[in-house]
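Listing of target.txt; format and content: compact mmCIF, C-alpha atoms.
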```
# COMPACT_ATOMS: atom_id res chain seq x y z
CA MET A 1 -36.51 -15.05 -11.53
CA LYS A 2 -34.05 -12.24 -12.15
CA PHE A 3 -30.42 -13.32 -12.08
CA ALA A 4 -27.45 -10.99 -11.69
CA VAL A 5 -24.29 -12.43 -13.22
CA LEU A 6 -21.24 -10.63 -11.87
CA GLN A 7 -18.31 -9.60 -14.03
CA PHE A 8 -14.88 -8.96 -12.59
CA PRO A 9 -11.85 -8.10 -14.68
CA GLY A 10 -10.79 -11.58 -15.81
CA SER A 11 -14.13 -13.35 -15.36
CA ASN A 12 -14.71 -15.45 -18.47
CA CYS A 13 -17.67 -17.71 -17.77
CA ASP A 14 -20.20 -14.92 -17.42
CA GLN A 15 -21.45 -15.30 -20.98
CA ASP A 16 -21.93 -19.06 -20.61
CA VAL A 17 -23.93 -18.50 -17.43
CA ILE A 18 -26.16 -15.90 -19.10
CA GLN A 19 -26.69 -18.13 -22.14
CA ALA A 20 -27.54 -21.14 -19.98
CA LEU A 21 -29.91 -19.18 -17.72
CA ARG A 22 -31.80 -17.81 -20.73
CA THR A 23 -32.71 -21.35 -21.78
CA PHE A 24 -34.94 -21.65 -18.72
CA GLU A 25 -38.46 -20.28 -18.81
CA GLY A 26 -39.31 -17.58 -16.36
CA THR A 27 -35.79 -16.22 -16.03
CA SER A 28 -34.00 -13.08 -16.99
CA ALA A 29 -30.26 -12.71 -16.64
CA ASP A 30 -28.17 -9.55 -16.64
CA TYR A 31 -24.47 -8.78 -16.44
CA VAL A 32 -23.49 -6.77 -13.38
CA TRP A 33 -20.10 -5.07 -13.55
CA HIS A 34 -17.99 -5.38 -10.39
CA LYS A 35 -18.02 -1.62 -9.75
CA THR A 36 -21.80 -1.57 -9.34
CA THR A 37 -22.82 -1.20 -5.73
CA SER A 38 -26.44 -2.31 -5.81
CA LEU A 39 -28.21 -5.59 -6.42
CA ALA A 40 -31.71 -4.19 -6.01
CA ASP A 41 -34.34 -5.88 -8.19
CA PHE A 42 -32.41 -9.13 -8.47
CA ASP A 43 -33.63 -12.44 -7.05
CA ALA A 44 -30.38 -14.33 -7.36
CA VAL A 45 -26.69 -13.65 -7.90
CA VAL A 46 -24.28 -15.85 -9.82
CA VAL A 47 -20.55 -15.37 -9.35
CA PRO A 48 -19.14 -16.96 -12.49
CA GLY A 49 -15.89 -18.72 -13.27
CA GLY A 50 -12.76 -17.37 -14.85
CA PHE A 51 -9.53 -15.79 -13.69
CA SER A 52 -10.63 -12.66 -11.88
CA TYR A 53 -7.66 -10.33 -11.47
CA GLY A 54 -5.50 -12.95 -13.14
CA ASP A 55 -5.67 -15.13 -10.01
CA TYR A 56 -3.10 -12.69 -8.61
CA LEU A 57 -2.11 -13.17 -4.94
CA ARG A 58 -4.63 -16.03 -4.57
CA CYS A 59 -7.64 -17.00 -6.68
CA GLY A 60 -10.49 -14.68 -5.76
CA ALA A 61 -8.41 -12.78 -3.18
CA ILE A 62 -8.65 -9.45 -4.96
CA ALA A 63 -12.18 -9.81 -6.37
CA ARG A 64 -13.29 -10.22 -2.78
CA PHE A 65 -12.62 -6.51 -2.26
CA SER A 66 -14.40 -5.31 -5.41
CA PRO A 67 -17.18 -2.75 -4.77
CA ILE A 68 -19.96 -5.20 -5.76
CA MET A 69 -19.03 -7.62 -2.99
CA GLY A 70 -20.45 -5.34 -0.30
CA ALA A 71 -23.83 -5.66 -2.00
CA VAL A 72 -23.36 -9.41 -2.40
CA LYS A 73 -22.65 -9.82 1.31
CA GLU A 74 -25.72 -7.79 2.21
CA PHE A 75 -27.80 -9.74 -0.30
CA ALA A 76 -26.61 -13.01 1.23
CA ALA A 77 -27.15 -11.78 4.78
CA ASN A 78 -30.76 -11.08 3.83
CA GLY A 79 -31.21 -14.62 2.62
CA GLY A 80 -30.75 -13.93 -1.09
CA THR A 81 -29.66 -16.79 -3.36
CA VAL A 82 -25.98 -16.70 -4.29
CA LEU A 83 -24.36 -19.29 -6.57
CA GLY A 84 -20.59 -19.32 -7.01
CA ILE A 85 -19.10 -21.40 -9.81
CA CYS A 86 -15.39 -22.26 -9.94
CA ASN A 87 -13.64 -18.88 -9.51
CA GLY A 88 -16.97 -17.77 -8.05
CA PHE A 89 -16.65 -20.48 -5.38
CA GLN A 90 -13.10 -19.26 -4.70
CA ILE A 91 -14.35 -15.67 -4.35
CA LEU A 92 -17.11 -16.74 -1.95
CA CYS A 93 -14.60 -18.60 0.23
CA GLU A 94 -12.16 -15.69 0.22
CA SER A 95 -14.96 -13.33 1.22
CA GLY A 96 -16.03 -15.56 4.08
CA LEU A 97 -19.48 -16.25 2.65
CA LEU A 98 -18.48 -19.91 2.55
CA PRO A 99 -16.02 -21.71 4.86
CA GLY A 100 -12.72 -23.22 3.76
CA ALA A 101 -10.49 -22.46 0.81
CA LEU A 102 -9.52 -23.80 -2.60
CA VAL A 103 -5.86 -24.60 -3.17
CA ARG A 104 -3.71 -25.95 -6.00
CA ASN A 105 -4.78 -29.30 -7.42
CA ARG A 106 -2.98 -32.20 -5.77
CA ASP A 107 -1.31 -33.31 -9.00
CA LEU A 108 -0.52 -29.72 -10.04
CA HIS A 109 -2.21 -30.11 -13.42
CA PHE A 110 -5.01 -27.90 -14.70
CA ILE A 111 -7.80 -30.41 -15.23
CA CYS A 112 -10.37 -29.92 -17.93
CA GLU A 113 -12.73 -32.88 -18.14
CA HIS A 114 -16.23 -34.14 -17.42
CA VAL A 115 -16.47 -35.68 -13.96
CA ASN A 116 -19.17 -37.51 -12.08
CA LEU A 117 -20.64 -35.69 -9.13
CA ARG A 118 -22.84 -37.31 -6.54
CA VAL A 119 -25.64 -35.21 -5.12
CA GLU A 120 -25.25 -35.66 -1.36
CA SER A 121 -28.35 -33.79 -0.32
CA SER A 122 -31.50 -32.63 -2.02
CA ASP A 123 -32.39 -30.60 1.04
CA SER A 124 -31.38 -27.28 -0.46
CA ARG A 125 -32.81 -24.76 -2.88
CA PHE A 126 -29.95 -25.65 -5.25
CA THR A 127 -30.55 -29.41 -5.36
CA SER A 128 -34.22 -29.79 -4.45
CA LYS A 129 -35.05 -31.20 -7.89
CA ALA A 130 -32.28 -33.78 -7.71
CA LYS A 131 -32.30 -37.00 -5.74
CA ALA A 132 -29.75 -37.68 -3.03
CA GLY A 133 -27.33 -40.20 -4.49
CA GLU A 134 -27.99 -39.08 -8.05
CA VAL A 135 -24.89 -38.81 -10.23
CA LEU A 136 -24.45 -35.76 -12.44
CA ASN A 137 -21.90 -35.62 -15.25
CA ILE A 138 -20.54 -32.07 -15.25
CA PRO A 139 -17.27 -30.58 -16.54
CA ILE A 140 -14.53 -29.14 -14.40
CA ALA A 141 -11.80 -26.83 -15.61
CA HIS A 142 -9.46 -25.65 -12.89
CA GLY A 143 -5.95 -25.64 -11.52
CA GLU A 144 -6.85 -24.65 -7.96
CA GLY A 145 -9.92 -26.70 -7.09
CA CYS A 146 -8.67 -28.69 -4.12
CA TYR A 147 -11.06 -27.92 -1.26
CA PHE A 148 -9.42 -27.48 2.14
CA ALA A 149 -10.77 -26.70 5.57
CA ASP A 150 -9.59 -27.63 9.06
CA GLU A 151 -10.95 -30.72 10.81
CA ALA A 152 -13.47 -28.80 12.88
CA THR A 153 -14.92 -27.13 9.78
CA ILE A 154 -15.18 -30.39 7.85
CA ALA A 155 -16.93 -31.97 10.83
CA GLU A 156 -19.37 -29.06 10.95
CA LEU A 157 -20.05 -29.25 7.21
CA LYS A 158 -20.88 -32.93 7.57
CA ALA A 159 -22.98 -32.48 10.68
CA ASN A 160 -25.06 -29.72 9.08
CA ASP A 161 -25.53 -31.43 5.73
CA GLN A 162 -23.67 -28.61 3.97
CA ILE A 163 -21.79 -30.76 1.48
CA LEU A 164 -24.13 -30.74 -1.51
CA VAL A 165 -21.96 -32.44 -4.14
CA ARG A 166 -18.93 -34.72 -3.93
CA TYR A 167 -16.72 -36.12 -6.67
CA ALA A 168 -17.92 -39.66 -7.36
CA GLY A 169 -15.29 -42.24 -8.21
CA ARG A 170 -11.90 -40.62 -8.77
CA ASN A 171 -11.15 -37.42 -6.85
CA PRO A 172 -9.64 -35.26 -9.60
CA ASN A 173 -7.96 -32.59 -7.48
CA GLY A 174 -7.37 -33.96 -3.97
CA SER A 175 -10.27 -32.10 -2.33
CA LEU A 176 -10.69 -33.12 1.29
CA ASP A 177 -13.52 -35.61 1.65
CA ALA A 178 -13.98 -35.36 -2.15
CA ILE A 179 -15.91 -32.14 -1.64
CA ALA A 180 -16.95 -30.54 -4.92
CA GLY A 181 -19.48 -28.04 -3.60
CA ILE A 182 -20.84 -26.76 -0.31
CA ARG A 183 -23.61 -24.51 0.94
CA ASN A 184 -23.50 -22.13 3.84
CA ARG A 185 -25.24 -22.97 7.09
CA ALA A 186 -28.31 -20.87 6.19
CA GLY A 187 -28.62 -22.64 2.84
CA ASN A 188 -28.81 -19.62 0.56
CA VAL A 189 -25.23 -19.59 -0.67
CA PHE A 190 -23.77 -22.45 -2.73
CA GLY A 191 -20.30 -22.75 -4.20
CA LEU A 192 -19.02 -25.52 -6.43
CA MET A 193 -15.94 -26.04 -8.58
CA PRO A 194 -17.67 -27.83 -11.50
CA HIS A 195 -19.49 -25.84 -14.19
CA PRO A 196 -23.22 -26.63 -14.32
CA GLU A 197 -23.70 -23.87 -16.91
CA ARG A 198 -21.55 -25.94 -19.26
CA ALA A 199 -23.85 -28.92 -18.81
CA CYS A 200 -27.15 -27.42 -19.86
CA ASP A 201 -27.23 -28.63 -23.44
CA PRO A 202 -26.88 -32.22 -24.66
CA LEU A 203 -24.89 -30.83 -27.59
CA LEU A 204 -22.12 -30.05 -25.10
CA GLY A 205 -21.98 -33.62 -23.81
CA SER A 206 -24.29 -33.45 -20.83
CA ALA A 207 -27.38 -31.58 -19.72
CA ASP A 208 -27.05 -32.81 -16.10
CA GLY A 209 -26.35 -29.28 -14.90
CA ARG A 210 -29.89 -28.17 -15.64
CA VAL A 211 -31.23 -29.70 -12.43
CA ILE A 212 -29.41 -27.11 -10.33
CA PHE A 213 -31.09 -24.21 -12.10
CA GLU A 214 -34.41 -26.05 -12.19
CA SER A 215 -34.18 -26.44 -8.42
CA LEU A 216 -33.68 -22.69 -8.02
CA LEU A 217 -36.64 -21.97 -10.24
CA SER A 218 -39.02 -24.37 -8.54
CA MET B 1 8.81 2.80 6.55
CA LYS B 2 8.93 -0.55 4.87
CA ALA B 3 7.20 -3.81 5.64
CA VAL B 4 8.01 -7.29 4.48
CA VAL B 5 5.29 -9.89 4.80
CA THR B 6 6.25 -13.54 4.47
CA ILE B 7 3.42 -15.94 3.74
CA MET B 8 3.75 -19.70 4.01
CA PRO B 9 1.19 -22.46 3.54
CA LYS B 10 0.11 -23.98 6.85
CA GLN B 11 1.77 -27.27 7.75
CA SER B 12 -1.61 -28.97 7.56
CA VAL B 13 -2.16 -27.94 3.94
CA LEU B 14 -0.90 -30.14 1.12
CA ASP B 15 1.76 -28.23 -0.81
CA PRO B 16 2.14 -30.05 -4.13
CA GLN B 17 4.19 -27.17 -5.49
CA GLY B 18 6.70 -27.73 -2.68
CA ALA B 19 6.79 -31.44 -3.46
CA ALA B 20 7.44 -30.70 -7.14
CA VAL B 21 10.27 -28.33 -6.23
CA ALA B 22 11.78 -30.97 -3.93
CA GLN B 23 11.77 -33.42 -6.80
CA ALA B 24 13.38 -30.86 -9.11
CA MET B 25 16.11 -30.35 -6.51
CA GLN B 26 16.85 -34.06 -6.69
CA HIS B 27 17.09 -33.80 -10.46
CA HIS B 28 19.41 -30.85 -10.00
CA GLY B 29 21.71 -33.13 -8.04
CA LEU B 30 20.89 -32.54 -4.38
CA GLY B 31 19.79 -35.87 -2.96
CA GLY B 32 18.10 -36.48 0.36
CA VAL B 33 15.99 -33.33 0.30
CA GLY B 34 13.22 -33.50 2.89
CA LYS B 35 10.09 -31.41 2.97
CA VAL B 36 10.01 -28.29 0.82
CA ARG B 37 7.32 -25.62 1.15
CA VAL B 38 6.88 -22.68 -1.16
CA GLY B 39 5.49 -19.38 0.04
CA LYS B 40 5.66 -15.74 -0.96
CA SER B 41 7.26 -12.55 0.21
CA ILE B 42 5.53 -9.18 -0.20
CA GLU B 43 7.42 -5.91 0.21
CA ILE B 44 5.42 -2.79 0.97
CA GLU B 45 6.50 0.85 1.12
CA LEU B 46 4.26 2.12 3.90
CA PRO B 47 2.67 5.52 4.28
CA GLU B 48 3.81 7.59 7.28
CA GLY B 49 2.14 6.59 10.51
CA ALA B 50 0.76 3.26 9.33
CA SER B 51 -0.19 1.41 12.51
CA GLU B 52 0.91 -2.13 13.20
CA THR B 53 -2.71 -3.05 13.94
CA THR B 54 -3.78 -1.91 10.49
CA LEU B 55 -0.92 -3.85 8.95
CA HIS B 56 -1.89 -7.05 10.71
CA GLU B 57 -5.47 -6.57 9.50
CA LEU B 58 -4.13 -6.16 5.99
CA CYS B 59 -2.10 -9.35 6.39
CA ARG B 60 -5.08 -11.30 7.69
CA ASP B 61 -7.73 -9.94 5.29
CA LEU B 62 -5.88 -9.53 2.03
CA LEU B 63 -2.27 -10.60 1.88
CA SER B 64 -2.80 -14.03 3.42
CA ASN B 65 -5.69 -16.43 3.76
CA PRO B 66 -5.69 -17.56 7.39
CA VAL B 67 -7.52 -20.76 6.45
CA ILE B 68 -4.51 -22.03 4.54
CA GLU B 69 -1.60 -19.71 5.29
CA ASP B 70 0.45 -18.28 8.13
CA TYR B 71 2.23 -14.94 7.85
CA THR B 72 4.99 -13.04 9.55
CA LEU B 73 5.24 -9.27 9.42
CA ALA B 74 8.55 -7.43 9.64
CA ILE B 75 8.59 -3.63 9.81
CA GLN B 76 11.73 -1.64 9.08
CA GLY B 77 12.31 2.03 9.74
```
Once more with this new file: its structure as structure tokens, please.
Amino acid sequence: MKFAVLQFPGSNCDQDVIQALRTFEGTSADYVWHKTTSLADFDAVVVPGGFSYGDYLRCGAIARFSPIMGAVKEFAANGGTVLGICNGFQILCESGLLPGALVRNRDLHFICEHVNLRVESSDSRFTSKAKAGEVLNIPIAHGEGCYFADEATIAELKANDQILVRYAGRNPNGSLDAIAGIRNRAGNVFGLMPHPERACDPLLGSADGRVIFESLLS
Amino acid sequence: MKAVVTIMPKQSVLDPQGAAVAQAMQHHGLGGVGKVRVGKSIEIELPEGASETTLHELCRDLLSNPVIEDYTLAIQG
């Protein structure tokens, strides 16, 4: 599986994503600079974390208009796999590829800690190798990770099984319905605030993130 | 031609920044402060002939996020 890992000015988790992906057999992972306009030859796109454009205006608001995003939208419209992590999730929401928005953490602090996530559904290409109800220990590191959407959208997300992971136990950032990650209706785009690429090696405290990439590769 | 766009978080969105500012106001000495919300103001020097429709698109697509914010657009000159 050929992964494209996007780089915007200010992205800083691209290297971690590439490193993590390369630990899986049958993958190749390449950096794709935000000014590129084609995603031909790639099987999946990862929009990594960081502070694209310094989080100016709103997190992900400016990256959304980068040249590469036209190709990402087309890729997604054609059913291609798109994974957005942290700032990547914010960019996907800003670009309308996922519903809702991420706002400032309820308690205003930037939170950098391992949290427990509950897999809500294994009926997706991103969680097929996990069991519904399974708890994954994965780090978060964000100041604007509070998921918000209006009532109608939340109801729709629930009705269509689009909430793939929720915070288990304590809700660290005030996200509505403890939502940590959602997929789009079609199931090919997934955004989450936690960093699975930082949980791919037991040396880093947890390898629970591997199941997400294993699901994609299966 | 100049435009000023004012962007405020929607009433339905939690504004912890506003709450923190309200608390700071109390510390500053003003008691009894109610709800405080913090937004942003963007000033734009417009090119000649910029249409109001285009400006509203700009406000909706870039300057504000309609999921969480409301905006007002004021055009001068």
Please identify every residue of chain B that has at least one atom no farther than 9 Å from an atom of chain A, counting all atoms listed in the file, and for each give the shortest atom pair and the distance in Å to one decimal, arranged by chain then increasing number, as JSON lines.
```
{"residue": "B:Ser12", "atom": "CA", "partner": "A:Asp150", "partner_atom": "CA", "distance": 8.2}
{"residue": "B:Val13", "atom": "CA", "partner": "A:Phe148", "partner_atom": "CA", "distance": 7.5}
{"residue": "B:Leu14", "atom": "CA", "partner": "A:Arg106", "partner_atom": "CA", "distance": 7.5}
{"residue": "B:Asp15", "atom": "CA", "partner": "A:Arg104", "partner_atom": "CA", "distance": 7.9}
{"residue": "B:Pro16", "atom": "CA", "partner": "A:Arg106", "partner_atom": "CA", "distance": 5.8}
{"residue": "B:Gln17", "atom": "CA", "partner": "A:Leu108", "partner_atom": "CA", "distance": 7.0}
{"residue": "B:Ala20", "atom": "CA", "partner": "A:Leu108", "partner_atom": "CA", "distance": 8.5}
{"residue": "B:Asp61", "atom": "CA", "partner": "A:Glu94", "partner_atom": "CA", "distance": 8.9}
{"residue": "B:Leu62", "atom": "CA", "partner": "A:Ala61", "partner_atom": "CA", "distance": 6.6}
{"residue": "B:Leu63", "atom": "CA", "partner": "A:Leu57", "partner_atom": "CA", "distance": 7.3}
{"residue": "B:Ser64", "atom": "CA", "partner": "A:Leu57", "partner_atom": "CA", "distance": 8.4}
{"residue": "B:Asn65", "atom": "CA", "partner": "A:Glu94", "partner_atom": "CA", "distance": 7.4}
{"residue": "B:Val67", "atom": "CA", "partner": "A:Gly100", "partner_atom": "CA", "distance": 6.4}
{"residue": "B:Ile68", "atom": "CA", "partner": "A:Ala101", "partner_atom": "CA", "distance": 7.1}
```
Worksheet item: Restricting the calculation to all atoms listed in the file, which member of B:Leu30, B:Met8, B:Ala3, B:Val21 is positioned closest to Tyr71 in chain B?
Response: B:Met8
Worksheet item: With only C-alpha atoms as the basis for distance, which of A:Arg170, A:Ser38, A:Ser215, A:His142 is at the shortest distance from Ser122 in chain A?
Response: A:Ser215
Could you work out an axis-aligned bounding box for all listed atoms of range 88-103 of chain A, with 8 Å added on each of the six sides, and give its centre and edge lengths in Å to one decimal, as JSON?
```
{"center_x": -12.7, "center_y": -19.0, "center_z": -1.6, "size_x": 29.6, "size_y": 27.3, "size_z": 28.9}
```
Discussion item. As an exercise, work out the distance from CA of Thr72 in chain B to CA of Gln11 in chain B in Å and give it to one decimal place.
Written reply: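 Between these atoms lies a distance of 14.7 Å.
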Worksheet, complete the sentence: From CA of Met69 in chain A to CA of Lys129 in chain A the spacing works out at 28.9 Å
Worksheet item: Suppose you want the space between CA of Leu98 in chain A and CA of Arg118 in chain A; what is it in Å?
Response: 20.1 Å
Excluding Ala20 in chain A and its own-chain neighbours fewer than 3 positions away, which residues fall within 7 Å of it when counting only C-alpha atoms? Please give them as a PDB file with C-alpha atoms, in the coordinates of the input.
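selection-v3.pdb, freshly written:
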```pdb
ATOM      1  CA  ASP A  16     -21.930 -19.060 -20.610  1.00  0.00           C
ATOM      2  CA  VAL A  17     -23.930 -18.500 -17.430  1.00  0.00           C
ATOM      3  CA  THR A  23     -32.710 -21.350 -21.780  1.00  0.00           C
ATOM      4  CA  GLU A 197     -23.700 -23.870 -16.910  1.00  0.00           C
ATOM      5  CA  CYS A 200     -27.150 -27.420 -19.860  1.00  0.00           C
TER       6      CYS A 200
END
```
Practice prompt. Can you work out which one of B:Lys10, B:Arg37, B:His28, B:Lys2 has the shortest atom-to-atom distance to Leu73 in chain B, counting only C-alpha atoms?
Written response: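 Distance minimum relative to Leu73 in chain B lands on B:Lys2.
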For Arg183 in chain A, find every residue with an atom within 8 Å (counting only C-alpha atoms), except residues of its own chain fewer than 3 positions away, and show them as a PDB file with C-alpha atoms, in the coordinates of the input.
```
ATOM      1  CA  LEU A  98     -18.480 -19.910   2.550  1.00  0.00           C
ATOM      2  CA  GLN A 162     -23.670 -28.610   3.970  1.00  0.00           C
ATOM      3  CA  ILE A 163     -21.790 -30.760   1.480  1.00  0.00           C
ATOM      4  CA  LEU A 164     -24.130 -30.740  -1.510  1.00  0.00           C
ATOM      5  CA  ALA A 186     -28.310 -20.870   6.190  1.00  0.00           C
ATOM      6  CA  GLY A 187     -28.620 -22.640   2.840  1.00  0.00           C
ATOM      7  CA  ASN A 188     -28.810 -19.620   0.560  1.00  0.00           C
ATOM      8  CA  VAL A 189     -25.230 -19.590  -0.670  1.00  0.00           C
ATOM      9  CA  PHE A 190     -23.770 -22.450  -2.730  1.00  0.00           C
ATOM     10  CA  GLY A 191     -20.300 -22.750  -4.200  1.00  0.00           C
TER      11      GLY A 191
END
```
Discussion item. I need the residue nearest Cys86 in chain A from this list: A:Tyr56, A:Phe213, A:Tyr147, A:Phe3. Use only C-alpha atoms for the distance.
Written reply: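 Closest to Cys86 in chain A, using only C-alpha atoms: A:Tyr147.
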Worksheet item: So which residues touch Thr127 in chain A within 8 Å, counting only C-alpha atoms, skipping near sequence neighbours fewer than 6 positions away, as a PyMOL selection string?
Response: chain A and resi 119+121+164+211-212+215-216
Selection file, C-alpha atoms, as a PDB file, in the frame of the given file:
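selection_15.pdb written:
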```pdb
ATOM      1  CA  VAL A 119     -25.640 -35.210  -5.120  1.00  0.00           C
ATOM      2  CA  SER A 121     -28.350 -33.790  -0.320  1.00  0.00           C
ATOM      3  CA  LEU A 164     -24.130 -30.740  -1.510  1.00  0.00           C
ATOM      4  CA  VAL A 211     -31.230 -29.700 -12.430  1.00  0.00           C
ATOM      5  CA  ILE A 212     -29.410 -27.110 -10.330  1.00  0.00           C
ATOM      6  CA  SER A 215     -34.180 -26.440  -8.420  1.00  0.00           C
ATOM      7  CA  LEU A 216     -33.680 -22.690  -8.020  1.00  0.00           C
TER       8      LEU A 216
END
```
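When only C-alpha atoms are used to compute distances to Ala19 in chain B, the closest of the residues B:Glu43, B:Gly32, B:Val38, B:Thr6 turns out to be B:Val38.
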Item to complete: For Gly84 in chain A, please output as JSON, numbers by chain all residues within 7 Å (counting all atoms listed in the file; exclusion window: fewer than 5 positions along the same chain).
Response: {"A": [46, 47, 48, 89, 92, 190, 191, 192]}
Fill in: Pick from B:Gly29, B:Pro66, B:Gly77, B:Gly34, whichever lies nearest to Glu48 in chain B using all atoms listed in the file
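Smallest separation from Glu48 in chain B among the options: B:Gly77.
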